[in-house]
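Asker: So that you have it, the file is final_20.cif, and it contains mmCIF, C-alpha atoms:
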data_model
#
loop_
_atom_site.label_atom_id
_atom_site.label_comp_id
_atom_site.auth_asym_id
_atom_site.auth_seq_id
_atom_site.Cartn_x
_atom_site.Cartn_y
_atom_site.Cartn_z
CA MET A 1 -63.11 -35.58 -3.98
CA LYS A 2 -63.92 -36.05 -7.63
CA LYS A 3 -67.07 -37.86 -8.61
CA PHE A 4 -66.88 -40.36 -11.45
CA ILE A 5 -69.95 -41.34 -13.44
CA THR A 6 -69.73 -44.70 -15.13
CA PRO A 7 -70.78 -44.37 -18.81
CA PRO A 8 -73.55 -46.67 -19.94
CA PRO A 9 -72.69 -49.80 -21.89
CA PRO A 10 -72.42 -49.46 -25.74
CA GLY A 11 -75.86 -50.93 -26.34
CA ILE A 12 -77.49 -48.44 -24.00
CA ARG A 13 -75.54 -45.58 -25.60
CA GLN A 14 -76.90 -46.52 -29.03
CA PHE A 15 -80.40 -46.67 -27.61
CA LEU A 16 -80.06 -43.20 -26.07
CA LYS A 17 -78.71 -41.74 -29.31
CA GLY A 18 -81.64 -43.22 -31.19
CA ALA A 19 -84.12 -41.83 -28.68
CA VAL A 20 -82.61 -38.34 -28.97
CA LEU A 21 -82.73 -38.55 -32.79
CA ILE A 22 -86.38 -39.61 -32.75
CA ALA A 23 -87.29 -36.81 -30.34
CA PHE A 24 -85.45 -34.22 -32.49
CA THR A 25 -87.16 -35.47 -35.66
CA ALA A 26 -90.57 -35.33 -33.99
CA MET A 27 -89.84 -31.78 -32.85
CA LEU A 28 -89.03 -30.78 -36.43
CA ILE A 29 -92.23 -32.34 -37.72
CA VAL A 30 -94.32 -30.50 -35.13
CA SER A 31 -92.61 -27.18 -35.87
CA CYS A 32 -93.36 -27.50 -39.59
CA LYS A 33 -96.88 -28.83 -39.35
CA LYS A 34 -99.64 -27.30 -41.45
CA THR A 35 -102.82 -25.66 -40.24
CA ASN A 36 -105.38 -27.17 -42.61
CA ASN A 37 -103.45 -26.69 -45.87
CA VAL A 38 -101.50 -23.55 -44.91
CA ASP A 39 -97.78 -23.82 -44.13
CA VAL A 40 -96.76 -20.93 -41.88
CA SER A 41 -93.81 -22.59 -40.18
CA ASN A 42 -91.01 -20.20 -41.19
CA ASN A 43 -92.67 -16.77 -41.20
CA THR A 44 -91.24 -15.25 -38.03
CA VAL A 45 -89.62 -12.07 -39.37
CA SER A 46 -91.73 -8.94 -39.03
CA PRO A 47 -92.34 -7.46 -42.51
CA VAL A 48 -91.63 -3.84 -43.39
CA LEU A 49 -94.74 -2.14 -44.76
CA ASN A 50 -93.85 0.53 -47.31
CA VAL A 51 -96.27 3.16 -48.60
CA LYS A 52 -96.02 4.41 -52.18
CA ASP A 53 -98.63 6.45 -54.06
CA GLY A 54 -100.96 6.13 -51.05
CA VAL A 55 -100.86 2.32 -51.19
CA ILE A 56 -99.02 -0.32 -49.18
CA ALA A 57 -96.54 -1.56 -51.80
CA PHE A 58 -94.88 -4.98 -51.95
CA ALA A 59 -91.90 -5.22 -54.29
CA THR A 60 -92.65 -8.85 -55.16
CA ALA A 61 -95.42 -11.42 -54.77
CA SER A 62 -93.11 -13.29 -52.39
CA ASP A 63 -92.94 -10.23 -50.14
CA PHE A 64 -96.73 -10.05 -50.07
CA LYS A 65 -97.00 -13.76 -49.23
CA ALA A 66 -94.42 -13.46 -46.45
CA ALA A 67 -96.30 -10.52 -44.92
CA MET A 68 -99.64 -12.31 -45.03
CA ASP A 69 -98.20 -15.50 -43.56
CA TYR A 70 -96.54 -13.51 -40.76
CA TYR A 71 -99.64 -11.57 -39.78
CA HIS A 72 -101.84 -14.65 -39.88
CA LEU A 73 -99.77 -15.96 -36.97
CA LYS A 74 -100.65 -12.86 -34.95
CA PRO A 75 -103.89 -11.43 -33.58
CA ILE A 76 -105.52 -9.26 -36.24
CA GLU A 77 -104.98 -6.22 -34.00
CA VAL A 78 -101.21 -6.42 -34.65
CA LEU A 79 -101.69 -5.80 -38.38
CA GLN A 80 -104.34 -3.15 -37.78
CA THR A 81 -102.06 -1.24 -35.42
CA ASP A 82 -99.11 -1.42 -37.83
CA VAL A 83 -101.28 -0.16 -40.70
CA LYS A 84 -102.88 2.70 -38.78
CA ASN A 85 -99.43 3.99 -37.77
CA LEU A 86 -98.17 4.29 -41.36
CA SER A 87 -97.41 7.78 -42.62
CA GLY A 88 -99.10 8.89 -45.85
CA PHE A 89 -101.59 6.04 -45.76
CA THR A 90 -105.36 6.09 -45.21
CA ALA A 91 -106.42 2.60 -44.15
CA LEU A 92 -109.75 1.16 -45.27
CA ILE A 93 -110.46 0.00 -41.71
CA ALA A 94 -109.71 3.47 -40.32
CA LYS A 95 -112.77 5.06 -41.91
CA ILE A 96 -114.93 7.06 -39.53
CA PRO A 97 -118.53 8.27 -39.97
CA SER A 98 -117.43 11.73 -41.14
CA GLN A 99 -115.64 10.14 -44.12
CA VAL A 100 -118.68 8.45 -45.69
CA ASN A 101 -120.15 9.86 -48.89
CA THR A 102 -121.49 13.38 -48.23
CA VAL A 103 -124.58 13.05 -50.45
CA ALA A 104 -125.51 9.69 -48.97
CA SER A 105 -124.95 11.09 -45.48
CA THR A 106 -127.29 14.02 -46.09
CA GLN A 107 -129.99 11.74 -47.48
CA ALA A 108 -129.56 9.33 -44.58
CA MET A 109 -129.92 12.10 -42.00
CA VAL A 110 -133.27 12.99 -43.55
CA LEU A 111 -134.44 9.36 -43.62
CA GLU A 112 -133.29 8.33 -40.15
CA GLU A 113 -135.12 9.60 -37.10
CA ASN A 114 -131.96 9.67 -35.05
CA PRO A 115 -128.81 9.89 -37.23
CA THR A 116 -126.46 10.13 -34.23
CA PRO A 117 -125.30 6.91 -32.53
CA THR A 118 -126.18 6.74 -28.85
CA GLU A 119 -122.78 6.71 -27.13
CA GLU A 120 -121.46 3.83 -29.25
CA GLU A 121 -117.93 3.62 -30.58
CA LEU A 122 -118.22 2.66 -34.26
CA PHE A 123 -115.63 0.77 -36.33
CA TYR A 124 -115.58 0.40 -40.09
CA GLU A 125 -115.87 -3.02 -41.77
CA ASP A 126 -115.88 -3.33 -45.54
CA SER A 127 -118.91 -5.10 -47.00
CA LEU A 128 -117.10 -6.36 -50.12
CA VAL A 129 -113.72 -7.73 -48.97
CA GLN A 130 -114.44 -10.49 -46.44
CA ASP A 131 -110.95 -11.53 -45.28
CA PRO A 132 -109.90 -9.44 -42.25
CA TYR A 133 -106.18 -9.45 -43.14
CA VAL A 134 -106.58 -8.22 -46.71
CA GLN A 135 -109.23 -5.76 -45.58
CA SER A 136 -106.80 -4.41 -42.99
CA ILE A 137 -103.92 -3.93 -45.41
CA MET A 138 -105.89 -2.01 -48.08
CA ASN A 139 -106.23 1.74 -48.43
CA ASP A 140 -109.61 3.49 -48.48
CA LYS A 141 -109.96 2.74 -52.22
CA ARG A 142 -109.51 -1.03 -51.62
CA GLU A 143 -106.04 -0.95 -53.22
CA ILE A 144 -102.70 -2.62 -52.59
CA SER A 145 -99.60 -2.69 -54.81
CA ILE A 146 -97.58 -5.74 -55.89
CA GLU A 147 -94.74 -5.72 -58.43
CA GLY A 148 -95.44 -2.05 -59.18
CA TYR A 149 -99.09 -2.63 -60.15
CA ILE A 150 -101.99 -1.35 -58.10
CA LEU A 151 -104.62 -4.04 -57.52
CA ARG A 152 -108.08 -2.67 -56.81
CA VAL A 153 -111.12 -4.60 -55.59
CA THR A 154 -114.48 -3.30 -56.84
CA GLU A 155 -118.07 -4.47 -57.12
CA LYS A 156 -117.38 -5.37 -60.77
CA GLY A 157 -114.21 -7.38 -60.18
CA VAL A 158 -110.51 -6.94 -59.34
CA PHE A 159 -108.43 -4.76 -61.67
CA ALA A 160 -104.74 -3.91 -62.11
CA TYR A 161 -103.14 -0.70 -63.36
CA LEU A 162 -99.98 1.34 -62.89
CA PRO A 163 -100.12 4.23 -60.38
CA THR A 164 -99.99 6.71 -63.27
CA GLN A 165 -103.19 5.17 -64.67
CA ARG A 166 -105.32 5.46 -61.52
CA ILE A 167 -107.14 8.60 -62.65
CA ASN A 168 -107.83 7.02 -66.05
CA PHE A 169 -109.31 3.96 -64.35
CA GLU A 170 -111.49 6.05 -62.07
CA THR A 171 -112.73 8.07 -65.04
CA ALA A 172 -113.54 5.00 -67.14
CA TYR A 173 -114.95 2.74 -64.41
CA PRO A 174 -118.47 4.26 -64.10
CA THR A 175 -119.03 4.56 -67.87
CA ASP A 176 -121.26 2.45 -70.09
CA GLN A 177 -118.26 1.72 -72.31
CA PHE A 178 -116.40 0.14 -69.40
CA ASN A 179 -119.41 -2.06 -68.62
CA THR A 180 -119.76 -3.04 -72.28
CA ASN A 181 -116.07 -3.98 -72.54
CA LEU A 182 -116.31 -5.99 -69.30
CA ALA A 183 -119.50 -7.89 -70.21
CA GLY A 184 -118.87 -11.62 -70.62
CA LYS A 185 -115.23 -11.41 -69.50
CA PHE A 186 -114.14 -13.70 -66.67
CA THR A 187 -110.90 -15.18 -65.35
CA ASN A 188 -109.73 -18.77 -64.99
CA ASP A 189 -107.98 -19.79 -61.79
CA ASP A 190 -107.51 -23.37 -63.04
CA ILE A 191 -104.56 -22.33 -65.23
CA ASN A 192 -101.44 -23.21 -63.24
CA VAL A 193 -99.01 -20.92 -65.08
CA GLN A 194 -98.56 -17.18 -65.53
CA GLN A 195 -101.28 -15.94 -67.88
CA ASP A 196 -101.91 -12.69 -69.69
CA LEU A 197 -104.64 -10.49 -68.25
CA GLN A 198 -107.50 -9.15 -70.35
CA GLU A 199 -107.31 -5.41 -71.02
CA ILE A 200 -110.72 -3.85 -70.35
CA VAL A 201 -109.84 -0.26 -71.25
CA PRO A 202 -106.37 1.02 -72.17
CA ASN A 203 -103.89 0.12 -69.40
CA THR A 204 -106.53 -1.38 -67.08
CA PHE A 205 -106.45 -5.18 -66.73
CA LEU A 206 -108.92 -7.67 -65.28
CA VAL A 207 -107.34 -9.70 -62.45
CA PHE A 208 -110.32 -11.68 -61.16
CA ARG A 209 -114.01 -12.04 -61.92
CA GLN A 210 -115.83 -15.36 -61.97
CA PRO A 211 -119.33 -16.26 -63.19
CA ILE A 212 -121.94 -16.40 -60.43
CA GLU A 213 -122.70 -20.08 -59.84
CA VAL A 214 -125.57 -19.92 -57.34
CA ALA A 215 -127.79 -16.88 -56.84
CA THR A 216 -127.17 -15.42 -53.41
CA PRO A 217 -130.31 -16.00 -51.33
CA PRO A 218 -131.96 -13.01 -49.70
CA VAL A 219 -130.89 -12.23 -46.16
CA VAL A 220 -133.48 -13.68 -43.81
CA SER A 221 -133.99 -14.14 -40.10
CA ARG A 222 -135.32 -17.63 -39.61
CA PRO A 223 -135.56 -18.86 -36.01
CA GLY A 224 -132.47 -20.92 -35.23
CA GLY A 225 -131.04 -21.05 -38.75
CA CYS A 226 -130.69 -19.02 -41.91
CA ASN A 227 -130.54 -19.13 -45.72
CA GLY A 228 -131.62 -22.75 -46.07
CA THR A 229 -128.88 -25.29 -46.79
CA THR A 230 -127.02 -23.79 -49.78
CA LEU A 231 -124.57 -20.91 -49.81
CA GLY A 232 -125.00 -18.30 -52.49
CA SER A 233 -122.18 -16.85 -54.62
CA ASN A 234 -120.98 -13.62 -56.20
CA LEU A 235 -118.14 -12.63 -58.55
CA PHE A 236 -115.55 -13.75 -55.99
CA GLY A 237 -116.93 -17.07 -54.68
CA GLN A 238 -119.41 -18.44 -52.17
CA ILE A 239 -121.07 -16.16 -49.64
CA SER A 240 -124.21 -15.97 -47.51
CA ASP A 241 -125.33 -13.62 -44.73
CA CYS A 242 -128.09 -13.68 -42.17
CA ASN A 243 -129.18 -11.44 -39.33
CA ASP A 244 -130.70 -11.24 -35.90
CA THR A 245 -132.45 -7.90 -35.46
CA ILE A 246 -131.89 -6.04 -32.19
CA ASP A 247 -133.90 -2.96 -33.18
CA ASN A 248 -134.40 -0.89 -36.34
CA ARG A 249 -130.79 0.31 -36.30
CA ARG A 250 -128.90 -2.55 -34.66
CA ARG A 251 -128.35 -6.18 -35.55
CA ILE A 252 -126.14 -9.26 -35.21
CA ARG A 253 -124.70 -10.26 -38.61
CA TYR A 254 -123.54 -13.79 -39.52
CA THR A 255 -121.49 -14.57 -42.66
CA THR A 256 -119.92 -17.63 -44.28
CA TYR A 257 -117.66 -17.10 -47.32
CA SER A 258 -115.00 -18.49 -49.64
CA GLN A 259 -113.52 -15.53 -51.50
CA ASN A 260 -110.96 -15.36 -54.31
CA LEU A 261 -109.56 -11.96 -55.25
CA GLY A 262 -107.03 -13.34 -57.70
CA PHE A 263 -104.02 -12.10 -55.73
CA TYR A 264 -105.32 -13.67 -52.50
CA SER A 265 -107.85 -16.35 -51.61
CA SER A 266 -109.32 -17.43 -48.27
CA ILE A 267 -112.21 -19.26 -46.64
CA GLY A 268 -113.92 -18.62 -43.32
CA PHE A 269 -116.94 -17.40 -41.34
CA LYS A 270 -117.68 -14.68 -38.77
CA THR A 271 -120.13 -13.09 -36.35
CA ARG A 272 -120.48 -9.30 -35.92
CA ARG A 273 -122.50 -6.80 -33.90
CA GLN A 274 -123.47 -3.82 -36.12
CA THR A 275 -125.13 -0.41 -35.89
CA ARG A 276 -126.58 1.46 -38.88
CA PHE A 277 -125.51 5.09 -39.18
CA LEU A 278 -125.64 7.28 -42.32
CA LYS A 279 -126.66 4.31 -44.49
CA VAL A 280 -123.57 2.34 -43.44
CA TRP A 281 -123.48 -0.68 -41.12
CA TRP A 282 -120.65 -0.07 -38.63
CA LEU A 283 -119.17 -2.51 -36.14
CA ALA A 284 -120.08 -1.91 -32.50
CA LYS A 285 -119.12 -3.85 -29.39
CA ALA A 286 -121.14 -6.65 -27.83
CA GLN A 287 -120.68 -8.27 -24.42
CA ASN A 288 -119.68 -11.58 -25.92
CA ILE A 289 -119.46 -12.84 -29.50
CA SER A 290 -118.38 -16.19 -30.97
CA CYS A 291 -118.39 -18.62 -33.88
CA GLU A 292 -117.33 -22.21 -34.52
CA GLY A 293 -117.85 -24.70 -37.32
CA GLU A 294 -117.16 -28.08 -38.89
CA GLY A 295 -117.21 -29.53 -42.38
CA SER A 296 -115.05 -29.82 -45.46
CA TYR A 297 -113.93 -27.77 -48.45
CA GLU A 298 -112.01 -28.48 -51.62
CA SER A 299 -109.17 -26.64 -53.36
CA LYS A 300 -106.40 -27.20 -55.90
CA TRP A 301 -103.94 -25.50 -53.57
CA PRO A 302 -101.26 -26.34 -52.57
CA THR A 303 -101.45 -29.30 -54.97
CA THR A 304 -102.65 -28.95 -58.56
CA THR A 305 -105.30 -31.64 -58.05
CA LEU A 306 -108.64 -31.07 -56.35
CA THR A 307 -108.17 -32.09 -52.71
CA THR A 308 -110.63 -32.20 -49.82
CA TYR A 309 -109.71 -30.70 -46.45
CA THR A 310 -111.70 -31.04 -43.23
CA TYR A 311 -112.05 -28.72 -40.23
CA ASN A 312 -113.62 -29.10 -36.82
CA ARG A 313 -115.10 -26.99 -34.04
CA LEU A 314 -112.03 -27.15 -31.84
CA SER A 315 -109.74 -25.65 -34.47
CA THR A 316 -112.20 -23.02 -35.70
CA ARG A 317 -113.77 -21.75 -32.47
CA ARG A 318 -113.29 -18.02 -31.85
CA GLU A 319 -114.76 -16.12 -28.90
CA ARG A 320 -114.27 -12.45 -27.98
CA LEU A 321 -115.40 -10.49 -24.94
CA ASP A 322 -116.33 -6.82 -25.20
CA ASN A 323 -115.64 -6.90 -28.93
CA SER A 324 -117.46 -6.24 -32.18
CA LYS A 325 -116.70 -9.47 -34.02
CA ALA A 326 -115.36 -13.01 -33.90
CA GLU A 327 -114.05 -14.59 -37.09
CA SER A 328 -112.34 -17.78 -38.16
CA VAL A 329 -110.13 -17.84 -41.28
CA MET A 330 -109.44 -21.50 -41.98
CA SER A 331 -107.06 -21.28 -44.92
CA TRP A 332 -105.54 -18.73 -47.29
CA HIS A 333 -102.90 -18.32 -49.97
CA THR A 334 -101.61 -15.78 -52.48
CA GLY A 335 -101.35 -15.52 -56.25
CA GLN A 336 -98.25 -14.57 -58.25
CA ILE A 337 -98.06 -11.41 -60.31
CA GLY A 338 -95.38 -10.60 -62.86
CA THR A 339 -94.82 -8.40 -65.89
CA LYS A 340 -93.80 -8.93 -69.49
CA LEU A 341 -92.82 -6.49 -72.18
CA GLY A 342 -95.16 -6.10 -75.14
CA SER A 343 -95.19 -3.84 -78.16
CA ASN A 344 -96.91 -1.12 -76.12
CA GLY A 345 -94.78 -1.49 -73.01
CA PRO A 346 -95.03 -3.68 -69.86
CA LYS A 347 -98.18 -5.65 -69.13
CA PRO A 348 -99.10 -7.66 -66.02
CA THR A 349 -99.31 -11.44 -65.98
CA PHE A 350 -100.82 -13.53 -63.22
CA LYS A 351 -100.82 -17.01 -61.79
CA LEU A 352 -104.09 -16.64 -59.94
CA ALA A 353 -104.75 -17.83 -56.42
CA GLN A 354 -106.78 -21.05 -56.41
CA LYS A 355 -110.34 -20.85 -55.14
CA TYR A 356 -111.76 -22.66 -52.14
CA LYS A 357 -115.19 -24.24 -52.27
CA TYR A 358 -117.30 -25.55 -49.41
CA GLN A 359 -118.50 -29.15 -49.74
CA LYS A 360 -120.29 -29.41 -46.39
CA HIS A 361 -120.46 -26.78 -43.70
CA THR A 362 -122.18 -26.18 -40.37
CA SER A 363 -121.31 -23.18 -38.22
CA ASP A 364 -122.87 -21.92 -35.01
CA HIS A 365 -122.77 -18.20 -34.25
CA THR A 366 -123.66 -16.56 -30.94
CA ALA A 367 -123.68 -13.08 -29.43
CA ARG A 368 -124.75 -11.50 -26.16
CA ASN A 369 -125.81 -7.87 -26.26
CA ASN A 370 -127.37 -5.96 -23.35
CA ASN A 371 -127.82 -9.30 -21.57
CA VAL A 372 -129.85 -10.74 -24.46
CA ASN A 373 -128.55 -13.85 -26.24
CA TYR A 374 -128.67 -14.30 -30.03
CA SER A 375 -127.71 -17.34 -32.10
CA LYS A 376 -127.88 -18.73 -35.62
CA ARG A 377 -126.71 -21.86 -37.46
CA MET A 378 -125.44 -21.64 -41.05
CA ILE A 379 -125.50 -24.81 -43.19
CA HIS A 380 -124.24 -25.81 -46.62
CA ASN A 381 -124.77 -29.33 -48.00
#
Any chance you could give the structure as structure tokens?
Answerer:
Amino acid sequence: MKKFITPPPPGIRQFLKGAVLIAFTAMLIVSCKKTNNVDVSNNTVSPVLNVKDGVIAFATASDFKAAMDYYHLKPIEVLQTDVKNLSGFTALIAKIPSQVNTVASTQAMVLEENPTPTEEELFYEDSLVQDPYVQSIMNDKREISIEGYILRVTEKGVFAYLPTQRINFETAYPTDQFNTNLAGKFTNDDINVQQDLQEIVPNTFLVFRQPIEVATPPVVSRPGGCNGTTLGSNLFGQISDCNDTIDNRRRIRYTTYSQNLGFYSSIGFKTRRQTRFLKVWWLAKAQNISCEGEGSYESKWPTTTLTTYTYNRLSTRRERLDNSKAESVMSWHTGQIGTKLGSNGPKPTFKLAQKYKYQKHTSDHTARNNNVNYSKRMIHN
């Protein structure tokens, strides 16, 4: 026997169609929503990481952006595993104690009573590049390649050169002439078009270097809080650190930053457990480690007008068990590099990533190590 279902009256059919349309539209809106001011809705294709001249090379700025957006949707360990498995590539994060500077190591062994870690597994974390994703994708010289140019992060700024000019850069970089040529030269991330880069020495170009706005306060260990109520700054943006001392070779480190490298900009904060070995602070595991925060920051990205964005503890909380660090990256974006032909050949041009700047910030950081609890609050008003 066949069963017959009586169709609903026309009015009901129209209502059902409308309900389905509304539900579908809502689903689209949810799938394309932004996390703070970062749109990562369509980055689901795993990028191919190519190595050229010892550097992970992206053919275009769009390829770099797509890779960063993809990996930001994943746990940081996904990127770190992909990078460590690349042939012909020495990752910055893959450094081990035997790879630190030989002279510094020898001096450190003389200065330290016990230069050998006591059964701790140590992991490298760069002290200059704060963002975990960029740090993970760089080689051991802090280099990546976009549009054929190597971009290198240094203590003096970010520079661009062709692979054939690497040795010339490394020869010139420590000289007085390089420092003289660089003195007083800074970049402007407020220009919203491709701009020529300043040539510091032949075939080496300045990508990013900003004036220091607020002197970075000394690292202190105040009970309960640290560094007063104002973040310091360096050539790349706002940054402050503070510590809880475990013993003379171990500590808990807390950091809040907004960092612009010209080709990439991000804002966040983190908690780490560290051990000092051969004059280098290495990551080491703690029982439990966490961070969370609330406040607001401003940026001209993705709009060209200065806009305020807020964040809360629920969206920024990160907690890890049996791990060396917990970190929250609230927002990020990439710059755009190109080239143009001049009388002396091709030269790089850049539309720089826009900076982030904290307006108000409060973050709470905690760690548990050997059944002892540590905590600090970082504030910026």
Asker: Just checking: using all atoms listed in the file, which residue out of A:His333, A:Lys95, A:His72, A:Lys360 ends up closest to Lys300 (chain A)?
Answerer: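 For Lys300 (chain A), the nearest of the candidates is A:His333.
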Asker: Written as JSON, numbers by chain, what is the full residue list that the PyMOL selection byres ((chain A and resi 174-189) around 8) yields on the file shown?
Answerer: {"A": [170, 171, 172, 173, 190, 191, 192, 200, 201, 206, 207, 208, 209, 210, 211, 262, 351, 352, 353, 354, 355]}
Asker: Please list as a PyMOL selection string every residue within 12 Å of Ser299 (chain A), counting all atoms listed in the file and excluding residues in the same chain fewer than 6 positions away.
Answerer: chain A and resi 36-38+189-190+258+260+265-267+305-310+331-333+353-359
Asker: Keeping only C-alpha atoms, write the selected residues as a CSV table (one decimal), keeping the file's coordinate frame.
Answerer:
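What landed in result13.csv:
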chain,number,residue,atom,x,y,z
A,36,ASN,CA,-105.4,-27.2,-42.6
A,37,ASN,CA,-103.4,-26.7,-45.9
A,38,VAL,CA,-101.5,-23.6,-44.9
A,189,ASP,CA,-108.0,-19.8,-61.8
A,190,ASP,CA,-107.5,-23.4,-63.0
A,258,SER,CA,-115.0,-18.5,-49.6
A,260,ASN,CA,-111.0,-15.4,-54.3
A,265,SER,CA,-107.8,-16.4,-51.6
A,266,SER,CA,-109.3,-17.4,-48.3
A,267,ILE,CA,-112.2,-19.3,-46.6
A,305,THR,CA,-105.3,-31.6,-58.0
A,306,LEU,CA,-108.6,-31.1,-56.4
A,307,THR,CA,-108.2,-32.1,-52.7
A,308,THR,CA,-110.6,-32.2,-49.8
A,309,TYR,CA,-109.7,-30.7,-46.4
A,310,THR,CA,-111.7,-31.0,-43.2
A,331,SER,CA,-107.1,-21.3,-44.9
A,332,TRP,CA,-105.5,-18.7,-47.3
A,333,HIS,CA,-102.9,-18.3,-50.0
A,353,ALA,CA,-104.8,-17.8,-56.4
A,354,GLN,CA,-106.8,-21.0,-56.4
A,355,LYS,CA,-110.3,-20.8,-55.1
A,356,TYR,CA,-111.8,-22.7,-52.1
A,357,LYS,CA,-115.2,-24.2,-52.3
A,358,TYR,CA,-117.3,-25.6,-49.4
A,359,GLN,CA,-118.5,-29.2,-49.7
Asker: Compare A:Met378, A:Leu321, A:Val48, A:Ile146 by their minimum atom-to-atom distance to Thr229 (chain A), counting only C-alpha atoms, and give me the closest one.
Answerer: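 Closest candidate: A:Met378.
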Asker: Pick out the residues sitting within 12 Å of Ser127 (chain A), and hand them over as a short mmCIF file (atom, residue, chain, number, x, y, z; two decimals) with C-alpha atoms, in the frame of the given file; count only C-alpha atoms, and ignore anything fewer than 2 positions along from it in its own chain.
Answerer:
data_model
loop_
_atom_site.label_atom_id
_atom_site.label_comp_id
_atom_site.auth_asym_id
_atom_site.auth_seq_id
_atom_site.Cartn_x
_atom_site.Cartn_y
_atom_site.Cartn_z
CA LEU A 92 -109.75 1.16 -45.27
CA ILE A 93 -110.46 0.00 -41.71
CA TYR A 124 -115.58 0.40 -40.09
CA GLU A 125 -115.87 -3.02 -41.77
CA VAL A 129 -113.72 -7.73 -48.97
CA GLN A 130 -114.44 -10.49 -46.44
CA ASP A 131 -110.95 -11.53 -45.28
CA PRO A 132 -109.90 -9.44 -42.25
CA GLN A 135 -109.23 -5.76 -45.58
CA ARG A 142 -109.51 -1.03 -51.62
CA VAL A 153 -111.12 -4.60 -55.59
CA THR A 154 -114.48 -3.30 -56.84
CA GLU A 155 -118.07 -4.47 -57.12
CA ILE A 239 -121.07 -16.16 -49.64
CA ASP A 241 -125.33 -13.62 -44.73
CA ARG A 253 -124.70 -10.26 -38.61
CA THR A 255 -121.49 -14.57 -42.66
CA ARG A 272 -120.48 -9.30 -35.92
CA GLN A 274 -123.47 -3.82 -36.12
CA VAL A 280 -123.57 2.34 -43.44
CA TRP A 281 -123.48 -0.68 -41.12
CA TRP A 282 -120.65 -0.07 -38.63
CA LEU A 283 -119.17 -2.51 -36.14
#
Asker: For Ile337 (chain A), work out the shell of residues within 9 Å, counting all atoms listed in the file and skipping chain neighbours fewer than 6 positions away, then give it as a ChimeraX atom specification.
Answerer: /A:60-61,146-147,149,194,263,348-352
Asker: Applied to the shown file, which residues does the PyMOL selection byres ((chain A and resi 68) around 10) return, written as a PDB file with C-alpha atoms, in the coordinates of the input?
Answerer:
ATOM      1  CA  VAL A  40     -96.760 -20.930 -41.880  1.00  0.00           C
ATOM      2  CA  ASN A  43     -92.670 -16.770 -41.200  1.00  0.00           C
ATOM      3  CA  PRO A  47     -92.340  -7.460 -42.510  1.00  0.00           C
ATOM      4  CA  SER A  62     -93.110 -13.290 -52.390  1.00  0.00           C
ATOM      5  CA  ASP A  63     -92.940 -10.230 -50.140  1.00  0.00           C
ATOM      6  CA  PHE A  64     -96.730 -10.050 -50.070  1.00  0.00           C
ATOM      7  CA  LYS A  65     -97.000 -13.760 -49.230  1.00  0.00           C
ATOM      8  CA  ALA A  66     -94.420 -13.460 -46.450  1.00  0.00           C
ATOM      9  CA  ALA A  67     -96.300 -10.520 -44.920  1.00  0.00           C
ATOM     10  CA  ASP A  69     -98.200 -15.500 -43.560  1.00  0.00           C
ATOM     11  CA  TYR A  70     -96.540 -13.510 -40.760  1.00  0.00           C
ATOM     12  CA  TYR A  71     -99.640 -11.570 -39.780  1.00  0.00           C
ATOM     13  CA  HIS A  72    -101.840 -14.650 -39.880  1.00  0.00           C
ATOM     14  CA  LEU A  73     -99.770 -15.960 -36.970  1.00  0.00           C
ATOM     15  CA  LEU A  79    -101.690  -5.800 -38.380  1.00  0.00           C
ATOM     16  CA  TYR A 133    -106.180  -9.450 -43.140  1.00  0.00           C
ATOM     17  CA  VAL A 134    -106.580  -8.220 -46.710  1.00  0.00           C
ATOM     18  CA  ILE A 137    -103.920  -3.930 -45.410  1.00  0.00           C
ATOM     19  CA  TYR A 264    -105.320 -13.670 -52.500  1.00  0.00           C
ATOM     20  CA  TRP A 332    -105.540 -18.730 -47.290  1.00  0.00           C
ATOM     21  CA  HIS A 333    -102.900 -18.320 -49.970  1.00  0.00           C
ATOM     22  CA  THR A 334    -101.610 -15.780 -52.480  1.00  0.00           C
TER      23      THR A 334
END
Asker: Restricting the calculation to only C-alpha atoms, which member of A:Asn85, A:Asn381, A:Asn370, A:Ser375 is positioned closest to Gly295 (chain A)?
Answerer: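 Between A:Asn85, A:Asn381, A:Asn370, A:Ser375, the residue approaching Gly295 (chain A) most closely is A:Asn381.
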Asker: Interatomic distance between CA of Glu121 (chain A) and CA of Ile76 (chain A)?
Answerer: 18.8 Å
Asker: To one decimal place in Å, what is the distance between CA of Arg273 (chain A) and CA of Arg250 (chain A)?
Answerer: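 These atoms are spaced 7.7 Å apart.
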Asker: To one decimal in Å, tell me the separation between CA of Lys156 (chain A) and CA of Leu128 (chain A).
Answerer: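 Separation between CA of Lys156 (chain A) and CA of Leu128 (chain A): 10.7 Å.
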Asker: Identify the residues within 6 Å of coordinate (-114.7, -15.9, -55.9) (same frame as the file), considering all atoms listed in the file, and give the answer as JSON, numbers by chain.
Answerer: {"A": [235, 236, 237, 259, 260]}
Asker: Do you know which residues the PyMOL selection byres ((chain A and resi 367) around 6) returns on this file, as a ChimeraX atom specification?
Answerer: /A:288-289,366,368,373-374
Asker: Please enclose the listed atoms of region 345-353 of chain A in an axis-aligned box, pad each side by 4 Å, and write out the centre and the three edge lengths in Å, rounded to one decimal, as lines of an AutoDock Vina configuration file.
Answerer:
center_x = -99.8
center_y = -9.7
center_z = -64.7
size_x = 18.0
size_y = 24.3
size_z = 24.6
Asker: In terms of the shortest atom-to-atom distance over all atoms listed in the file, which of A:Lys52, A:His361, A:Arg317, A:Arg377 is closest to Asn243 (chain A)?
Answerer: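 Answer, going by the shortest atom-to-atom distance: A:Arg377.
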